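Text of upload-v8.cif, listed as mmCIF, C-alpha atoms:
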data_target
#
loop_
_atom_site.label_atom_id
_atom_site.label_comp_id
_atom_site.auth_asym_id
_atom_site.auth_seq_id
_atom_site.Cartn_x
_atom_site.Cartn_y
_atom_site.Cartn_z
CA MET A 1 6.42 -6.85 13.73
CA SER A 2 3.91 -5.98 11.03
CA GLY A 3 5.12 -5.31 7.51
CA ALA A 4 3.77 -4.24 4.14
CA LYS A 5 2.42 -7.73 3.45
CA ASP A 6 0.11 -7.38 6.45
CA ILE A 7 -1.88 -4.43 5.10
CA ARG A 8 -5.46 -4.86 3.97
CA LEU A 9 -7.60 -2.66 1.75
CA CYS A 10 -11.34 -2.12 1.90
CA PRO A 11 -13.81 0.50 0.69
CA ILE A 12 -14.28 3.63 2.80
CA SER A 13 -16.62 6.58 2.46
CA ALA A 14 -15.76 9.51 0.23
CA GLN A 15 -15.77 11.79 3.27
CA ASP A 16 -13.34 9.61 5.20
CA ALA A 17 -11.03 9.46 2.18
CA ARG A 18 -11.14 13.23 1.66
CA THR A 19 -10.43 13.90 5.33
CA PHE A 20 -7.45 11.55 5.34
CA VAL A 21 -6.02 12.83 2.05
CA LYS A 22 -6.28 16.47 3.11
CA ARG A 23 -4.36 15.65 6.26
CA HIS A 24 -1.65 13.40 4.81
CA HIS A 25 -1.19 14.12 1.08
CA TYR A 26 1.60 16.57 0.31
CA SER A 27 -0.79 18.76 -1.72
CA GLY A 28 -3.38 18.91 1.04
CA LYS A 29 -6.07 18.59 -1.63
CA THR A 30 -8.49 16.02 -3.01
CA THR A 31 -10.16 15.74 -6.41
CA SER A 32 -13.89 16.28 -6.62
CA ASN A 33 -14.58 13.53 -9.18
CA SER A 34 -13.16 10.53 -7.31
CA GLN A 35 -15.60 7.60 -7.23
CA LEU A 36 -13.75 4.67 -5.65
CA HIS A 37 -12.23 5.18 -2.21
CA LEU A 38 -10.07 2.52 -0.56
CA GLY A 39 -8.69 2.63 2.94
CA ILE A 40 -5.35 1.04 3.76
CA PHE A 41 -5.36 -0.64 7.17
CA LEU A 42 -2.60 -2.06 9.35
CA ASP A 43 -2.79 -3.34 12.93
CA GLY A 44 -6.41 -2.25 13.24
CA GLY A 45 -5.92 1.37 12.17
CA MET A 46 -6.16 3.25 8.87
CA VAL A 47 -2.70 4.21 7.63
CA GLY A 48 -3.59 5.27 4.10
CA ALA A 49 -6.24 6.14 1.55
CA MET A 50 -6.56 5.83 -2.21
CA GLN A 51 -8.97 7.69 -4.48
CA PHE A 52 -9.81 6.59 -8.02
CA GLY A 53 -12.03 8.30 -10.57
CA PRO A 54 -12.39 9.49 -14.17
CA SER A 55 -9.60 11.69 -15.47
CA LEU A 56 -10.36 15.38 -15.78
CA ASP A 57 -8.88 15.30 -19.30
CA LYS A 58 -10.52 12.00 -20.21
CA ARG A 59 -10.89 12.79 -23.92
CA LYS A 60 -7.13 13.28 -24.19
CA LEU A 61 -6.21 10.13 -22.28
CA ILE A 62 -8.68 7.59 -23.65
CA GLY A 63 -6.65 7.29 -26.85
CA LEU A 64 -3.60 5.99 -24.98
CA VAL A 65 -4.96 2.49 -25.50
CA ALA A 66 -6.75 1.83 -28.77
CA GLY A 67 -10.29 0.51 -28.50
CA THR A 68 -10.87 1.72 -24.94
CA GLN A 69 -14.52 2.29 -24.07
CA TRP A 70 -15.53 5.52 -22.28
CA ASN A 71 -15.68 3.71 -18.94
CA GLY A 72 -12.80 1.39 -19.76
CA PHE A 73 -10.09 3.11 -17.74
CA ILE A 74 -9.73 4.95 -14.45
CA GLU A 75 -7.22 7.30 -12.85
CA LEU A 76 -5.58 7.00 -9.47
CA ASN A 77 -6.27 10.52 -8.27
CA ARG A 78 -4.65 10.36 -4.83
CA LEU A 79 -2.58 8.00 -2.70
CA ALA A 80 -1.75 9.18 0.81
CA LEU A 81 -0.19 7.37 3.76
CA VAL A 82 0.99 8.26 7.24
CA ASP A 83 4.74 8.80 7.49
CA ASP A 84 5.75 5.74 9.50
CA THR A 85 4.31 2.93 7.39
CA PRO A 86 6.53 -0.14 6.79
CA ARG A 87 8.83 -0.18 3.80
CA ASN A 88 7.13 -0.98 0.47
CA THR A 89 3.65 -0.21 1.82
CA GLU A 90 2.86 2.06 -1.13
CA SER A 91 3.74 -0.45 -3.84
CA ARG A 92 2.02 -3.26 -1.91
CA ALA A 93 -1.13 -1.15 -1.59
CA LEU A 94 -1.07 -0.44 -5.31
CA ALA A 95 -0.73 -4.12 -6.15
CA VAL A 96 -3.67 -5.05 -3.90
CA ALA A 97 -5.79 -2.20 -5.28
CA MET A 98 -5.15 -3.40 -8.84
CA ARG A 99 -6.40 -6.87 -7.90
CA ILE A 100 -9.53 -5.40 -6.33
CA ILE A 101 -10.34 -3.31 -9.39
CA ARG A 102 -9.70 -6.21 -11.75
CA ARG A 103 -12.05 -8.42 -9.73
CA GLU A 104 -14.83 -5.94 -8.95
CA TYR A 105 -14.78 -3.81 -12.10
CA PRO A 106 -13.90 -6.13 -15.01
CA HIS A 107 -14.88 -3.48 -17.58
CA ILE A 108 -11.84 -1.39 -16.56
CA GLY A 109 -8.87 -2.39 -18.70
CA TRP A 110 -6.19 -0.05 -17.41
CA VAL A 111 -5.31 2.50 -14.75
CA VAL A 112 -3.43 5.74 -15.31
CA SER A 113 -1.65 7.84 -12.72
CA PHE A 114 0.75 10.77 -12.67
CA ALA A 115 3.90 11.27 -10.64
CA ASP A 116 4.70 14.85 -9.63
CA ALA A 117 8.46 15.16 -10.05
CA THR A 118 8.14 18.86 -9.30
CA GLN A 119 7.13 18.65 -5.64
CA CYS A 120 7.01 14.95 -4.72
CA GLY A 121 8.68 12.08 -6.59
CA ASP A 122 9.30 10.40 -9.93
CA GLY A 123 7.10 7.35 -9.36
CA THR A 124 9.29 4.76 -7.65
CA ILE A 125 6.18 3.15 -6.17
CA TYR A 126 4.56 2.79 -9.59
CA ARG A 127 7.58 1.11 -11.07
CA ALA A 128 7.74 -1.29 -8.13
CA ALA A 129 4.05 -2.15 -8.59
CA GLY A 130 4.35 -3.03 -12.29
CA PHE A 131 3.20 0.20 -13.93
CA VAL A 132 4.61 1.17 -17.35
CA LEU A 133 6.08 4.64 -17.96
CA THR A 134 4.35 6.27 -20.94
CA GLY A 135 5.11 9.96 -20.64
CA ILE A 136 7.65 12.49 -19.30
CA LYS A 137 7.07 16.17 -19.79
CA PRO A 138 8.17 19.43 -18.17
CA ASN A 139 5.61 20.55 -15.62
CA LYS A 140 4.88 24.28 -15.70
CA GLN A 141 1.63 24.03 -13.77
CA ILE A 142 3.06 24.79 -10.30
CA LEU A 143 3.82 28.44 -9.63
CA ASP A 144 5.98 30.07 -7.00
CA TRP A 145 3.90 33.06 -5.96
CA ASN A 146 5.98 35.05 -3.49
CA GLY A 147 7.18 31.84 -1.85
CA ARG A 148 3.80 30.13 -1.96
CA LEU A 149 3.56 27.08 -4.22
CA ILE A 150 0.20 26.84 -5.93
CA ALA A 151 -1.24 25.15 -9.03
CA LYS A 152 -2.19 27.29 -11.99
CA LYS A 153 -5.65 25.75 -12.16
CA THR A 154 -6.24 26.78 -8.55
CA LEU A 155 -5.41 30.39 -9.39
CA ASP A 156 -7.72 30.25 -12.38
CA ASP A 157 -10.88 29.16 -10.59
CA SER A 158 -13.68 31.50 -9.56
CA ASN A 159 -12.10 32.31 -6.18
CA TYR A 160 -9.50 34.52 -7.86
CA PRO A 161 -10.07 37.69 -9.91
CA ARG A 162 -9.42 38.14 -13.61
CA PHE A 163 -7.57 41.11 -15.05
CA GLY A 164 -8.52 42.30 -18.51
CA GLY A 165 -10.17 38.98 -19.16
CA LYS A 166 -6.98 37.10 -18.29
CA TYR A 167 -6.76 34.27 -15.81
CA PHE A 168 -5.12 35.28 -12.55
CA SER A 169 -2.17 32.93 -13.15
CA ARG A 170 -1.41 34.60 -16.48
CA TYR A 171 -1.62 38.02 -14.86
CA LEU A 172 0.88 36.96 -12.18
CA LEU A 173 3.25 35.45 -14.74
CA GLU A 174 3.13 38.45 -17.05
CA THR A 175 3.74 40.88 -14.20
CA GLY A 176 6.58 38.81 -12.77
CA GLN A 177 4.82 38.18 -9.48
CA ALA A 178 4.98 34.42 -10.01
CA ILE A 179 7.35 32.04 -11.77
CA PRO A 180 6.86 28.39 -12.81
CA LEU A 181 8.49 25.91 -10.47
CA PRO A 182 10.90 23.76 -12.54
CA GLY A 183 10.12 20.07 -12.66
CA PHE A 184 8.47 17.23 -14.53
CA GLN A 185 5.27 15.23 -14.67
CA LEU A 186 5.48 11.50 -15.40
CA ARG A 187 2.59 9.38 -16.67
CA TYR A 188 2.28 5.73 -15.68
CA VAL A 189 -0.17 3.05 -16.86
CA TYR A 190 -1.08 -0.29 -15.29
CA PHE A 191 -2.70 -2.88 -17.55
CA LEU A 192 -5.50 -4.79 -15.83
CA ASP A 193 -6.40 -6.36 -19.16
CA PRO A 194 -3.17 -7.93 -20.49
CA THR A 195 -4.33 -7.43 -24.07
CA ALA A 196 -4.48 -3.66 -23.51
CA ARG A 197 -0.71 -3.40 -23.41
CA GLY A 198 -0.54 -4.49 -27.03
CA ARG A 199 -2.94 -1.68 -27.93
CA LEU A 200 -0.87 1.08 -26.31
CA THR A 201 -0.62 3.90 -28.85
CA VAL A 202 2.48 5.58 -27.42
CA PRO A 203 5.94 4.09 -26.84
CA GLU A 204 6.81 2.56 -23.50
CA ILE A 205 9.61 4.65 -22.03
CA PRO A 206 12.59 2.92 -20.38
CA PHE A 207 12.86 3.88 -16.72
CA GLY A 208 16.45 4.99 -17.31
CA LYS A 209 15.09 7.92 -19.32
CA ILE A 210 13.97 9.56 -16.06
CA ALA A 211 17.52 10.20 -14.90
CA GLU A 212 18.65 10.97 -18.43
CA VAL A 213 16.31 13.97 -18.74
CA GLY A 214 16.92 15.14 -15.17
CA ALA A 215 13.49 14.18 -13.83
CA SER A 216 14.67 12.04 -10.92
CA MET A 217 13.10 13.05 -7.60
CA TYR A 218 12.40 11.43 -4.26
CA LYS A 219 10.35 12.95 -1.44
CA GLY A 220 10.46 16.38 -3.02
CA ARG A 221 14.20 16.49 -3.70
CA PRO A 222 16.24 15.63 -6.79
CA LYS A 223 17.85 12.24 -6.24
CA ASP A 224 21.34 13.54 -6.92
CA SER A 225 21.03 16.29 -4.29
CA SER A 226 22.66 15.99 -0.90
#
Same coordinates, now as structure tokens:
Amino acid sequence: MSGAKDIRLCPISAQDARTFVKRHHYSGKTTSNSQLHLGIFLDGGMVGAMQFGPSLDKRKLIGLVAGTQWNGFIELNRLALVDDTPRNTESRALAVAMRIIRREYPHIGWVVSFADATQCGDGTIYRAAGFVLTGIKPNKQILDWNGRLIAKKTLDDSNYPRFGGKYFSRYLLETGQAIPLPGFQLRYVYFLDPTARGRLTVPEIPFGKIAEVGASMYKGRPKDSS
């Protein structure tokens, strides 16, 4: 019986990655700036996809590691898998992807990714793959709009109207038509260049802090819930 150690990763087209992510990622969305797309294969079929690219808020994140060049880090934008993959497939895929990036893109010193402990999970797979926790903050970017969960930035793009010059999300919040969904966002970093860890400009956060602040979540549910 095949297990997580039997997976293989190889580059796939951006279109194939987007199609897979839209179908299998909990958000149903991709990011437009992804540049590296890896397919996760098992028993001859694609069971997952990973998308990497520059962070949207790159100027804010580059300072996490002192001395990082503009192209010296990358963000894992999306990781999506089918539901019935073997145990530990996610962390195994991350470990293999890190080796690929280290080998093929030696100028990249570290990888950043974010765990959505508002709708998804607190990053168990990152911890298992050797990532370091560098940030925990309340996430007020997901709104409950009459039972529909939607990101503020989605409401603020050109597809939605503005009222009195205000973004649509602010209008909904001020009129009580939407409320922020309670939760957290966790930031993880993986050091491809071992010297980069010594140049981290923020404290490493013990994993126990996640439960301490009430940010624990697994598959969209708080871990202490029944």
**Request:** Would you kindly return, as a ChimeraX atom specification, each protein, DNA or RNA residue with an atom no farther than 10 Å from any atom of range 132-147 of chain A, considering all atoms listed in the file and excluding same-chain residues fewer than 4 positions away?
**Result:** /A:64,112-119,122-123,126-127,151-155,169,172-173,176-191,197,200-207,209-210,213,215
**Asked** Can you tell me how far CA of Lys29 in chain A sits from CA of Arg78 in chain A, in Å to one decimal?
**Response**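 Calculated distance between CA of Lys29 in chain A and CA of Arg78 in chain A is 8.9 Å.
Comparing the minimum interatomic distances between Ser13 in chain A and each of A:Leu42, A:Leu192, A:Ala49, A:Ala128, counting all atoms listed in the file, we find that A:Ala49 sits nearest.
If you measure from each of A:Lys58, A:Lys166, A:Lys219, A:Arg87 to Glu75 in chain A using only C-alpha atoms, the closest one turns out to be A:Lys58.
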**Message:** Just want the 10 Å neighbourhood of Ser34 in chain A, counted on all atoms listed in the file, with same-chain residues fewer than 4 positions away dropped. Output as an MDAnalysis selection string.
**Reply:** chainID A and resid 14 17:18 30 50:55 74:78
For those residues, write C-alpha atoms to a file as a compact mmCIF listing (two decimals), keeping the file's coordinate frame.
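New file result12.txt:
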# COMPACT_ATOMS: atom_id res chain seq x y z
CA ALA A 14 -15.76 9.51 0.23
CA ALA A 17 -11.03 9.46 2.18
CA ARG A 18 -11.14 13.23 1.66
CA THR A 30 -8.49 16.02 -3.01
CA MET A 50 -6.56 5.83 -2.21
CA GLN A 51 -8.97 7.69 -4.48
CA PHE A 52 -9.81 6.59 -8.02
CA GLY A 53 -12.03 8.30 -10.57
CA PRO A 54 -12.39 9.49 -14.17
CA SER A 55 -9.60 11.69 -15.47
CA ILE A 74 -9.73 4.95 -14.45
CA GLU A 75 -7.22 7.30 -12.85
CA LEU A 76 -5.58 7.00 -9.47
CA ASN A 77 -6.27 10.52 -8.27
CA ARG A 78 -4.65 10.36 -4.83
Can you give me, as a PDB file with C-alpha atoms, in the coordinates of the input, the residues this file yields under the PyMOL selection byres ((chain A and resi 41) around 9)?
ATOM      1  CA  ASP A   6       0.110  -7.380   6.450  1.00  0.00           C
ATOM      2  CA  ILE A   7      -1.880  -4.430   5.100  1.00  0.00           C
ATOM      3  CA  ARG A   8      -5.460  -4.860   3.970  1.00  0.00           C
ATOM      4  CA  LEU A   9      -7.600  -2.660   1.750  1.00  0.00           C
ATOM      5  CA  CYS A  10     -11.340  -2.120   1.900  1.00  0.00           C
ATOM      6  CA  GLY A  39      -8.690   2.630   2.940  1.00  0.00           C
ATOM      7  CA  ILE A  40      -5.350   1.040   3.760  1.00  0.00           C
ATOM      8  CA  LEU A  42      -2.600  -2.060   9.350  1.00  0.00           C
ATOM      9  CA  ASP A  43      -2.790  -3.340  12.930  1.00  0.00           C
ATOM     10  CA  GLY A  44      -6.410  -2.250  13.240  1.00  0.00           C
ATOM     11  CA  GLY A  45      -5.920   1.370  12.170  1.00  0.00           C
ATOM     12  CA  MET A  46      -6.160   3.250   8.870  1.00  0.00           C
ATOM     13  CA  VAL A  47      -2.700   4.210   7.630  1.00  0.00           C
ATOM     14  CA  GLY A  48      -3.590   5.270   4.100  1.00  0.00           C
ATOM     15  CA  ALA A  49      -6.240   6.140   1.550  1.00  0.00           C
TER      16      ALA A  49
END
N, CA, C and O atoms are what I want for range 91-108 of chain A; can you complete it accordingly and write them as a short mmCIF file (atom, residue, chain, number, x, y, z; two decimals), in the coordinates of the input?
data_model
loop_
_atom_site.label_atom_id
_atom_site.label_comp_id
_atom_site.auth_asym_id
_atom_site.auth_seq_id
_atom_site.Cartn_x
_atom_site.Cartn_y
_atom_site.Cartn_z
N SER A 91 3.81 0.44 -2.69
CA SER A 91 3.74 -0.45 -3.84
C SER A 91 2.86 -1.67 -3.54
O SER A 91 2.16 -2.17 -4.42
N ARG A 92 2.89 -2.14 -2.30
CA ARG A 92 2.02 -3.26 -1.91
C ARG A 92 0.55 -2.85 -2.01
O ARG A 92 -0.29 -3.59 -2.52
N ALA A 93 0.24 -1.64 -1.53
CA ALA A 93 -1.13 -1.15 -1.59
C ALA A 93 -1.60 -1.01 -3.04
O ALA A 93 -2.74 -1.35 -3.37
N LEU A 94 -0.72 -0.55 -3.90
CA LEU A 94 -1.07 -0.44 -5.31
C LEU A 94 -1.37 -1.81 -5.91
O LEU A 94 -2.34 -1.97 -6.65
N ALA A 95 -0.53 -2.78 -5.61
CA ALA A 95 -0.73 -4.12 -6.15
C ALA A 95 -2.06 -4.71 -5.69
O ALA A 95 -2.80 -5.31 -6.49
N VAL A 96 -2.39 -4.53 -4.42
CA VAL A 96 -3.67 -5.05 -3.90
C VAL A 96 -4.84 -4.31 -4.54
O VAL A 96 -5.85 -4.92 -4.91
N ALA A 97 -4.72 -2.99 -4.67
CA ALA A 97 -5.79 -2.20 -5.28
C ALA A 97 -6.04 -2.64 -6.73
O ALA A 97 -7.19 -2.71 -7.17
N MET A 98 -4.98 -2.95 -7.47
CA MET A 98 -5.15 -3.40 -8.84
C MET A 98 -5.92 -4.72 -8.88
O MET A 98 -6.77 -4.93 -9.76
N ARG A 99 -5.66 -5.60 -7.94
CA ARG A 99 -6.40 -6.87 -7.90
C ARG A 99 -7.87 -6.64 -7.58
O ARG A 99 -8.74 -7.31 -8.16
N ILE A 100 -8.14 -5.71 -6.69
CA ILE A 100 -9.53 -5.40 -6.33
C ILE A 100 -10.28 -4.86 -7.54
O ILE A 100 -11.41 -5.28 -7.84
N ILE A 101 -9.67 -3.92 -8.23
CA ILE A 101 -10.34 -3.31 -9.39
C ILE A 101 -10.55 -4.33 -10.49
O ILE A 101 -11.61 -4.39 -11.13
N ARG A 102 -9.56 -5.17 -10.72
CA ARG A 102 -9.70 -6.21 -11.75
C ARG A 102 -10.86 -7.16 -11.42
O ARG A 102 -11.62 -7.56 -12.30
N ARG A 103 -11.00 -7.48 -10.15
CA ARG A 103 -12.05 -8.42 -9.73
C ARG A 103 -13.43 -7.78 -9.71
O ARG A 103 -14.41 -8.37 -10.18
N GLU A 104 -13.53 -6.57 -9.16
CA GLU A 104 -14.83 -5.94 -8.95
C GLU A 104 -15.32 -5.12 -10.13
O GLU A 104 -16.53 -4.89 -10.27
N TYR A 105 -14.41 -4.67 -10.98
CA TYR A 105 -14.78 -3.81 -12.10
C TYR A 105 -14.12 -4.33 -13.37
O TYR A 105 -13.20 -3.71 -13.92
N PRO A 106 -14.57 -5.48 -13.88
CA PRO A 106 -13.90 -6.13 -15.01
C PRO A 106 -13.96 -5.32 -16.30
O PRO A 106 -13.20 -5.63 -17.24
N HIS A 107 -14.83 -4.30 -16.37
CA HIS A 107 -14.88 -3.48 -17.58
C HIS A 107 -13.70 -2.51 -17.66
O HIS A 107 -13.47 -1.91 -18.72
N ILE A 108 -12.97 -2.32 -16.57
CA ILE A 108 -11.84 -1.39 -16.56
C ILE A 108 -10.59 -2.15 -17.01
O ILE A 108 -10.16 -3.10 -16.38
#
